[in-house]
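Q: So I've got this file, run-v5.cif, and it contains mmCIF, C-alpha atoms:
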```cif
data_run
#
loop_
_atom_site.label_atom_id
_atom_site.label_comp_id
_atom_site.auth_asym_id
_atom_site.auth_seq_id
_atom_site.Cartn_x
_atom_site.Cartn_y
_atom_site.Cartn_z
CA MET A 18 -134.00 27.17 -19.20
CA LYS A 19 -131.42 26.35 -16.54
CA VAL A 20 -129.26 29.22 -15.35
CA LYS A 21 -126.48 28.99 -12.79
CA VAL A 22 -125.69 31.94 -10.53
CA GLU A 23 -122.61 32.04 -8.32
CA VAL A 24 -122.67 34.57 -5.48
CA ARG A 25 -119.36 35.18 -3.74
CA LEU A 26 -117.91 37.71 -1.32
CA LYS A 27 -116.16 40.74 -2.80
CA PRO A 28 -112.39 40.66 -2.20
CA GLY A 29 -111.45 41.89 1.26
CA HIS A 30 -114.65 40.78 2.98
CA PHE A 31 -114.26 38.53 5.99
CA ASP A 32 -115.13 34.88 5.19
CA PRO A 33 -115.33 33.07 8.55
CA GLU A 34 -116.76 29.88 7.00
CA GLY A 35 -113.84 29.72 4.56
CA ASP A 36 -111.32 30.36 7.33
CA ILE A 37 -112.77 27.62 9.54
CA THR A 38 -112.90 25.19 6.61
CA ALA A 39 -109.21 25.90 5.81
CA LYS A 40 -108.28 25.35 9.46
CA SER A 41 -110.23 22.07 9.61
CA LEU A 42 -108.55 20.82 6.42
CA ARG A 43 -105.12 21.73 7.81
CA ASP A 44 -106.01 19.90 11.05
CA LEU A 45 -106.70 16.84 8.86
CA GLY A 46 -103.20 17.15 7.37
CA PHE A 47 -103.98 18.83 4.04
CA ARG A 48 -101.64 21.63 2.89
CA VAL A 49 -104.28 24.28 2.23
CA LYS A 50 -103.34 27.98 2.09
CA GLY A 51 -106.89 29.30 2.04
CA VAL A 52 -110.53 28.54 1.26
CA GLU A 53 -113.25 30.82 -0.12
CA VAL A 54 -116.88 29.76 0.20
CA SER A 55 -119.54 30.86 -2.26
CA LYS A 56 -123.11 29.88 -3.05
CA VAL A 57 -124.58 28.62 -6.30
CA TYR A 58 -128.24 28.90 -7.29
CA THR A 59 -129.33 26.73 -10.22
CA LEU A 60 -132.54 28.31 -11.49
CA ASP A 61 -135.14 26.68 -13.72
CA LEU A 62 -136.84 29.68 -15.31
CA GLU A 63 -138.94 30.75 -18.26
CA ALA A 64 -137.14 33.03 -20.72
CA ARG A 65 -137.38 33.75 -24.47
CA ASP A 66 -133.70 33.06 -25.15
CA ALA A 67 -130.29 32.99 -23.42
CA GLU A 68 -129.99 36.79 -23.52
CA ASP A 69 -133.39 37.20 -21.88
CA GLY A 70 -132.48 34.53 -19.29
CA VAL A 71 -129.27 36.35 -18.34
CA ARG A 72 -131.12 39.68 -18.11
CA LEU A 73 -133.84 38.22 -15.85
CA THR A 74 -131.29 36.44 -13.68
CA LYS A 75 -129.18 39.57 -13.17
CA ASP A 76 -132.39 41.32 -12.10
CA MET A 77 -133.01 38.48 -9.57
CA CYS A 78 -129.46 38.93 -8.24
CA ARG A 79 -129.99 42.65 -7.74
CA LYS A 80 -133.39 42.15 -6.08
CA LEU A 81 -132.80 39.07 -3.94
CA LEU A 82 -129.88 36.71 -4.47
CA ALA A 83 -126.83 38.98 -3.98
CA ASN A 84 -126.11 41.61 -1.35
CA PRO A 85 -124.76 44.64 -3.25
CA THR A 86 -122.70 45.73 -0.25
CA LYS A 87 -120.59 42.60 -0.04
CA ASP A 88 -121.27 40.23 -2.96
CA ASN A 89 -120.19 39.80 -6.58
CA PHE A 90 -122.12 37.43 -8.82
CA SER A 91 -121.72 35.64 -12.16
CA VAL A 92 -124.49 34.25 -14.39
CA GLU A 93 -124.15 31.31 -16.77
CA VAL A 94 -126.82 29.72 -19.01
CA LEU A 95 -126.25 25.97 -18.76
CA PRO A 96 -125.56 23.78 -21.83
CA GLY A 97 -128.61 22.39 -23.52
CA GLU A 98 -129.44 26.06 -23.96
CA GLU A 99 -127.26 28.51 -25.84
CA ARG A 100 -124.16 28.81 -23.64
CA THR A 101 -123.54 32.29 -22.31
CA VAL A 102 -121.32 33.45 -19.48
CA GLU A 103 -121.61 36.95 -18.09
CA LYS A 104 -119.93 38.40 -15.05
CA GLY A 105 -121.71 40.89 -12.85
CA LYS A 106 -119.85 43.22 -10.52
CA ARG A 107 -121.75 45.64 -8.38
CA MET B 13 -103.03 25.72 -7.22
CA LYS B 14 -106.64 26.84 -7.15
CA VAL B 15 -109.26 24.10 -7.15
CA LYS B 16 -113.01 24.62 -7.17
CA VAL B 17 -115.31 22.10 -5.48
CA GLU B 18 -119.09 22.21 -5.89
CA VAL B 19 -121.09 20.28 -3.30
CA ARG B 20 -124.77 19.78 -4.10
CA LEU B 21 -127.62 17.67 -2.80
CA LYS B 22 -128.20 14.30 -4.44
CA PRO B 23 -131.40 14.21 -6.51
CA GLY B 24 -134.47 13.59 -4.38
CA HIS B 25 -133.12 15.25 -1.24
CA PHE B 26 -135.23 18.00 0.27
CA ASP B 27 -133.80 21.48 -0.43
CA PRO B 28 -135.71 23.92 1.79
CA GLU B 29 -133.41 26.85 1.00
CA GLY B 30 -133.96 26.32 -2.73
CA ASP B 31 -137.71 26.04 -2.26
CA ILE B 32 -137.90 29.26 -0.22
CA THR B 33 -135.68 31.07 -2.74
CA ALA B 34 -137.96 29.95 -5.60
CA LYS B 35 -141.04 31.13 -3.68
CA SER B 36 -139.43 34.51 -2.92
CA LEU B 37 -138.49 34.98 -6.59
CA ARG B 38 -142.05 34.11 -7.66
CA ASP B 39 -143.39 36.60 -5.08
CA LEU B 40 -141.20 39.23 -6.80
CA GLY B 41 -142.87 38.38 -10.15
CA PHE B 42 -140.21 36.14 -11.71
CA ARG B 43 -141.39 33.01 -13.54
CA VAL B 44 -139.19 30.47 -11.78
CA LYS B 45 -140.06 26.77 -11.78
CA GLY B 46 -137.47 25.73 -9.22
CA VAL B 47 -134.18 26.58 -7.54
CA GLU B 48 -131.40 24.28 -6.30
CA VAL B 49 -128.81 25.65 -3.89
CA SER B 50 -125.28 24.32 -3.72
CA LYS B 51 -122.02 25.38 -2.14
CA VAL B 52 -118.68 26.08 -3.78
CA TYR B 53 -115.30 25.89 -2.03
CA THR B 54 -112.40 27.53 -3.86
CA LEU B 55 -109.28 25.97 -2.38
CA ASP B 56 -105.75 27.32 -2.58
CA LEU B 57 -103.65 24.21 -2.05
CA GLU B 58 -100.22 22.76 -2.58
CA ALA B 59 -100.10 19.92 -5.11
CA ARG B 60 -97.52 18.51 -7.54
CA ASP B 61 -99.77 18.80 -10.60
CA ALA B 62 -103.44 18.93 -11.60
CA GLU B 63 -103.89 15.18 -11.15
CA ASP B 64 -102.46 15.34 -7.63
CA GLY B 65 -104.66 18.40 -6.87
CA VAL B 66 -107.81 16.54 -7.94
CA ARG B 67 -106.82 13.46 -5.92
CA LEU B 68 -106.18 15.52 -2.77
CA THR B 69 -109.39 17.51 -3.23
CA LYS B 70 -111.53 14.38 -3.63
CA ASP B 71 -109.97 13.13 -0.40
CA MET B 72 -110.96 16.42 1.32
CA CYS B 73 -114.51 15.99 0.03
CA ARG B 74 -114.73 12.48 1.44
CA LYS B 75 -113.24 13.53 4.79
CA LEU B 76 -114.86 16.92 5.36
CA LEU B 77 -116.53 18.92 2.60
CA ALA B 78 -119.28 16.57 1.40
CA ASN B 79 -121.75 14.45 3.33
CA PRO B 80 -121.73 11.02 1.65
CA THR B 81 -125.33 10.36 2.67
CA LYS B 82 -126.82 13.32 0.83
CA ASP B 83 -124.22 15.13 -1.30
CA ASN B 84 -122.60 14.79 -4.71
CA PHE B 85 -119.52 16.82 -5.53
CA SER B 86 -117.48 17.90 -8.56
CA VAL B 87 -113.84 19.01 -8.62
CA GLU B 88 -112.30 21.41 -11.16
CA VAL B 89 -108.72 22.72 -11.31
CA LEU B 90 -109.02 26.40 -12.23
CA PRO B 91 -107.33 27.89 -15.32
CA GLY B 92 -103.85 29.16 -14.80
CA GLU B 93 -103.19 25.54 -13.89
CA GLU B 94 -103.75 22.63 -16.22
CA ARG B 95 -107.54 22.53 -16.60
CA THR B 96 -109.15 19.32 -15.39
CA VAL B 97 -112.77 18.58 -14.58
CA GLU B 98 -113.75 15.46 -12.70
CA LYS B 99 -117.10 14.50 -11.30
CA GLY B 100 -117.38 12.61 -8.04
CA LYS B 101 -120.46 10.60 -7.11
CA ARG B 102 -120.64 8.72 -3.90
#
```
How does this structure look as structure tokens?

A:
Amino acid sequence: MKVKVEVRLKPGHFDPEGDITAKSLRDLGFRVKGVEVSKVYTLDLEARDAEDGVRLTKDMCRKLLANPTKDNFSVEVLPGEERTVEKGKR
Amino acid sequence: MKVKVEVRLKPGHFDPEGDITAKSLRDLGFRVKGVEVSKVYTLDLEARDAEDGVRLTKDMCRKLLANPTKDNFSVEVLPGEERTVEKGKR
């Protein structure tokens, strides 16, 4: 089963990579007000069904992929499997 | 207008961060076959309409956000605007 996890900064956290990217795009002439950078993990994992896959993946986020102090995450089972989207806020 | 860009490695390119993440998850007891890591830029930009936003964003990918040698990218105008998904392969 393929599951996609997006890990992004909670609102209000400083995103220097996003700020530099926005500045670079403006230097190239694009009218960009802001950029937020986040990371996506596409996991190939063994799970009984979509519900089990989401549960396991949220556990992975809590244990490794997301930093509870500064990150939010969302979990999505990719098509080909039962499609399920769940948001996780910590 | 908010536009989301996902930049990921072309198939066959070495993804050390994904490999290490998969190993770490397996060390924690998760049954993970593999992990791919990609990056998402959420852009707040000025554009006339969704079509113009996608065109500008693809131009940003070609000029800054994606490395044509090793990356594919996809561009999606976020809801709230007209929803448009377009894939870019280079």

Q: Go ahead and compute the interatomic distance for CA of Val17 in chain B and CA of Thr54 in chain B, in Å to one decimal.

A: 6.4 Å

Q: Between A:Glu53, A:Glu93, A:Asp36, A:Glu23, which has the minimum distance to Glu68 in chain A (counting only C-alpha atoms)?

A: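 For Glu68 in chain A, the nearest of the candidates is A:Glu93.
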
Q: Would you superpose chain B on chain A, least squares on all C-alpha atoms in order, and hand back the fitted chain as a compact mmCIF listing (two decimals) with C-alpha atoms, keeping the file's coordinate frame?

A:
```txt
# COMPACT_ATOMS: atom_id res chain seq x y z
CA MET B 13 -133.99 27.16 -19.20
CA LYS B 14 -131.42 26.35 -16.55
CA VAL B 15 -129.26 29.22 -15.35
CA LYS B 16 -126.47 28.98 -12.79
CA VAL B 17 -125.68 31.94 -10.53
CA GLU B 18 -122.59 32.04 -8.32
CA VAL B 19 -122.66 34.57 -5.49
CA ARG B 20 -119.34 35.17 -3.74
CA LEU B 21 -117.91 37.70 -1.32
CA LYS B 22 -116.15 40.72 -2.78
CA PRO B 23 -112.38 40.65 -2.19
CA GLY B 24 -111.45 41.89 1.26
CA HIS B 25 -114.65 40.77 2.97
CA PHE B 26 -114.27 38.53 5.99
CA ASP B 27 -115.13 34.88 5.21
CA PRO B 28 -115.34 33.06 8.55
CA GLU B 29 -116.76 29.87 7.02
CA GLY B 30 -113.85 29.71 4.57
CA ASP B 31 -111.33 30.35 7.33
CA ILE B 32 -112.77 27.61 9.56
CA THR B 33 -112.90 25.19 6.61
CA ALA B 34 -109.23 25.90 5.82
CA LYS B 35 -108.28 25.35 9.47
CA SER B 36 -110.23 22.07 9.61
CA LEU B 37 -108.55 20.83 6.42
CA ARG B 38 -105.12 21.74 7.82
CA ASP B 39 -106.00 19.90 11.06
CA LEU B 40 -106.69 16.83 8.87
CA GLY B 41 -103.17 17.14 7.37
CA PHE B 42 -103.97 18.84 4.05
CA ARG B 43 -101.65 21.64 2.90
CA VAL B 44 -104.27 24.30 2.24
CA LYS B 45 -103.35 27.98 2.10
CA GLY B 46 -106.90 29.30 2.05
CA VAL B 47 -110.53 28.55 1.27
CA GLU B 48 -113.26 30.84 -0.10
CA VAL B 49 -116.89 29.77 0.20
CA SER B 50 -119.54 30.84 -2.26
CA LYS B 51 -123.10 29.87 -3.05
CA VAL B 52 -124.57 28.62 -6.31
CA TYR B 53 -128.24 28.90 -7.30
CA THR B 54 -129.33 26.73 -10.23
CA LEU B 55 -132.52 28.31 -11.51
CA ASP B 56 -135.13 26.69 -13.72
CA LEU B 57 -136.82 29.68 -15.32
CA GLU B 58 -138.94 30.75 -18.25
CA ALA B 59 -137.15 33.03 -20.71
CA ARG B 60 -137.37 33.75 -24.45
CA ASP B 61 -133.70 33.05 -25.14
CA ALA B 62 -130.30 33.00 -23.42
CA GLU B 63 -129.98 36.79 -23.52
CA ASP B 64 -133.39 37.20 -21.87
CA GLY B 65 -132.47 34.51 -19.28
CA VAL B 66 -129.27 36.36 -18.34
CA ARG B 67 -131.11 39.69 -18.11
CA LEU B 68 -133.82 38.23 -15.85
CA THR B 69 -131.26 36.43 -13.68
CA LYS B 70 -129.17 39.58 -13.17
CA ASP B 71 -132.37 41.31 -12.09
CA MET B 72 -133.00 38.49 -9.55
CA CYS B 73 -129.47 38.92 -8.23
CA ARG B 74 -129.97 42.65 -7.74
CA LYS B 75 -133.37 42.15 -6.08
CA LEU B 76 -132.79 39.06 -3.95
CA LEU B 77 -129.86 36.70 -4.47
CA ALA B 78 -126.84 38.97 -3.98
CA ASN B 79 -126.11 41.60 -1.36
CA PRO B 80 -124.77 44.63 -3.25
CA THR B 81 -122.70 45.74 -0.26
CA LYS B 82 -120.59 42.60 -0.05
CA ASP B 83 -121.26 40.22 -2.96
CA ASN B 84 -120.20 39.78 -6.58
CA PHE B 85 -122.11 37.41 -8.81
CA SER B 86 -121.72 35.62 -12.15
CA VAL B 87 -124.49 34.26 -14.38
CA GLU B 88 -124.14 31.31 -16.78
CA VAL B 89 -126.82 29.73 -19.00
CA LEU B 90 -126.26 25.98 -18.76
CA PRO B 91 -125.59 23.80 -21.83
CA GLY B 92 -128.63 22.40 -23.51
CA GLU B 93 -129.46 26.07 -23.98
CA GLU B 94 -127.29 28.51 -25.86
CA ARG B 95 -124.20 28.81 -23.66
CA THR B 96 -123.56 32.31 -22.33
CA VAL B 97 -121.33 33.45 -19.50
CA GLU B 98 -121.60 36.94 -18.09
CA LYS B 99 -119.95 38.39 -15.05
CA GLY B 100 -121.75 40.89 -12.86
CA LYS B 101 -119.91 43.26 -10.54
CA ARG B 102 -121.75 45.73 -8.45
```

Q: Distance cut-off 8 Å, counting all atoms listed in the file - which residues of chain B neighbour chain A? Return them as a PyMOL selection string.

A: chain B and resi 30+37+42-58+68+72+76

Q: With all atoms listed in the file as the basis for distance, which of B:Pro28, B:Arg74, B:Arg38, B:Gly92 is at the shortest distance from Asp61 in chain B?

A: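 Comparing B:Pro28, B:Arg74, B:Arg38, B:Gly92 against Asp61 in chain B, the winner is B:Gly92.
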
Q: Would you compute the distance between CA of Phe90 in chain A and CA of Ser86 in chain B? Give it in Å to one decimal.

A: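 If I compute the distance from CA of Phe90 in chain A to CA of Ser86 in chain B, I get 20.1 Å.
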
Q: Within 10 Å of Lys82 in chain B, counting all atoms listed in the file, which residues show up once you throw out same-chain ones fewer than 2 positions away? Write them as a short mmCIF file (atom, residue, chain, number, x, y, z; two decimals) with C-alpha atoms, in the coordinates of the input, please.

A:
```cif
data_model
loop_
_atom_site.label_atom_id
_atom_site.label_comp_id
_atom_site.auth_asym_id
_atom_site.auth_seq_id
_atom_site.Cartn_x
_atom_site.Cartn_y
_atom_site.Cartn_z
CA VAL B 19 -121.09 20.28 -3.30
CA ARG B 20 -124.77 19.78 -4.10
CA LEU B 21 -127.62 17.67 -2.80
CA LYS B 22 -128.20 14.30 -4.44
CA PRO B 23 -131.40 14.21 -6.51
CA GLY B 24 -134.47 13.59 -4.38
CA HIS B 25 -133.12 15.25 -1.24
CA PHE B 26 -135.23 18.00 0.27
CA ALA B 78 -119.28 16.57 1.40
CA ASN B 79 -121.75 14.45 3.33
CA PRO B 80 -121.73 11.02 1.65
CA ASN B 84 -122.60 14.79 -4.71
CA ARG B 102 -120.64 8.72 -3.90
#
```

Q: Grab the CA of Thr81 in chain B to CA of Pro96 in chain A distance for me, in Å with one decimal place.

A: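 Pair CA of Thr81 in chain B / CA of Pro96 in chain A returns 27.9 Å.
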
Q: With 4 Å added on each side, what axis-aligned box encloses every listed atom of range 24-32 of chain A? Give the centre and edge lengths in Å to one decimal, as AutoDock Vina command-line options.

A:
```
--center_x -117.1 --center_y 38.2 --center_z 0.3 --size_x 19.2 --size_y 15.3 --size_z 19.5
```

Q: Since the input lacks some atoms of range 78-89 of chain A, please model all heavy atoms and print them as a tab-separated table (two decimals), in the frame of the given file.

A:
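Dumped everything to out-v8.tsv:
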```
chain	number	residue	atom	x	y	z
A	78	CYS	N	-130.63	38.73	-9.11
A	78	CYS	CA	-129.46	38.93	-8.24
A	78	CYS	C	-129.57	40.28	-7.54
A	78	CYS	O	-129.34	40.39	-6.34
A	78	CYS	CB	-128.17	38.85	-9.04
A	78	CYS	SG	-127.78	37.19	-9.57
A	79	ARG	N	-129.91	41.31	-8.32
A	79	ARG	CA	-129.99	42.65	-7.74
A	79	ARG	C	-131.12	42.77	-6.72
A	79	ARG	O	-131.01	43.49	-5.74
A	79	ARG	CB	-130.15	43.69	-8.85
A	79	ARG	CG	-128.85	43.96	-9.60
A	79	ARG	CD	-128.99	45.09	-10.60
A	79	ARG	NE	-129.63	44.63	-11.82
A	79	ARG	CZ	-128.95	44.21	-12.90
A	79	ARG	NH1	-127.65	44.24	-12.92
A	79	ARG	NH2	-129.59	43.79	-13.97
A	80	LYS	N	-132.22	42.01	-6.96
A	80	LYS	CA	-133.39	42.15	-6.08
A	80	LYS	C	-133.39	41.18	-4.91
A	80	LYS	O	-134.06	41.43	-3.90
A	80	LYS	CB	-134.67	41.97	-6.90
A	80	LYS	CG	-134.94	43.17	-7.80
A	80	LYS	CD	-136.23	43.02	-8.58
A	80	LYS	CE	-136.49	44.29	-9.39
A	80	LYS	NZ	-137.39	44.05	-10.51
A	81	LEU	N	-132.71	40.05	-5.03
A	81	LEU	CA	-132.80	39.07	-3.94
A	81	LEU	C	-131.52	38.28	-3.66
A	81	LEU	O	-131.11	38.16	-2.51
A	81	LEU	CB	-133.92	38.05	-4.24
A	81	LEU	CG	-134.17	37.04	-3.12
A	81	LEU	CD1	-134.92	37.67	-1.96
A	81	LEU	CD2	-134.94	35.83	-3.64
A	82	LEU	N	-130.88	37.75	-4.71
A	82	LEU	CA	-129.88	36.71	-4.47
A	82	LEU	C	-128.53	37.23	-3.97
A	82	LEU	O	-127.83	36.52	-3.25
A	82	LEU	CB	-129.67	35.87	-5.75
A	82	LEU	CG	-130.93	35.20	-6.31
A	82	LEU	CD1	-130.60	34.47	-7.60
A	82	LEU	CD2	-131.55	34.25	-5.30
A	83	ALA	N	-128.15	38.45	-4.37
A	83	ALA	CA	-126.83	38.98	-3.98
A	83	ALA	C	-127.02	40.23	-3.12
A	83	ALA	O	-127.97	40.99	-3.31
A	83	ALA	CB	-126.01	39.30	-5.22
A	84	ASN	N	-126.12	40.41	-2.19
A	84	ASN	CA	-126.11	41.61	-1.35
A	84	ASN	C	-125.13	42.61	-1.98
A	84	ASN	O	-123.93	42.34	-2.01
A	84	ASN	CB	-125.65	41.21	0.05
A	84	ASN	CG	-125.54	42.40	0.98
A	84	ASN	OD1	-125.43	43.54	0.54
A	84	ASN	ND2	-125.56	42.13	2.27
A	85	PRO	N	-125.64	43.73	-2.50
A	85	PRO	CA	-124.76	44.64	-3.25
A	85	PRO	C	-123.61	45.19	-2.41
A	85	PRO	O	-122.59	45.60	-2.96
A	85	PRO	CB	-125.71	45.76	-3.69
A	85	PRO	CG	-126.90	45.66	-2.82
A	85	PRO	CD	-127.01	44.21	-2.41
A	86	THR	N	-123.76	45.20	-1.10
A	86	THR	CA	-122.70	45.73	-0.25
A	86	THR	C	-121.48	44.82	-0.24
A	86	THR	O	-120.34	45.29	-0.21
A	86	THR	CB	-123.21	45.88	1.20
A	86	THR	OG1	-124.42	46.63	1.18
A	86	THR	CG2	-122.18	46.56	2.08
A	87	LYS	N	-121.72	43.51	-0.28
A	87	LYS	CA	-120.59	42.60	-0.04
A	87	LYS	C	-120.40	41.51	-1.09
A	87	LYS	O	-119.38	40.81	-1.06
A	87	LYS	CB	-120.72	41.97	1.35
A	87	LYS	CG	-121.93	41.07	1.52
A	87	LYS	CD	-121.91	40.42	2.89
A	87	LYS	CE	-123.05	39.43	3.05
A	87	LYS	NZ	-123.00	38.28	2.13
A	88	ASP	N	-121.36	41.36	-2.04
A	88	ASP	CA	-121.27	40.23	-2.96
A	88	ASP	C	-120.99	40.63	-4.41
A	88	ASP	O	-121.50	41.65	-4.89
A	88	ASP	CB	-122.59	39.44	-2.98
A	88	ASP	CG	-122.91	38.78	-1.65
A	88	ASP	OD1	-121.97	38.37	-0.96
A	88	ASP	OD2	-124.10	38.69	-1.32
A	89	ASN	N	-120.22	39.82	-5.12
A	89	ASN	CA	-120.19	39.80	-6.58
A	89	ASN	C	-120.98	38.59	-7.05
A	89	ASN	O	-121.18	37.64	-6.28
A	89	ASN	CB	-118.75	39.67	-7.09
A	89	ASN	CG	-117.98	40.96	-6.99
A	89	ASN	OD1	-118.56	42.04	-7.04
A	89	ASN	ND2	-116.67	40.85	-6.84
```
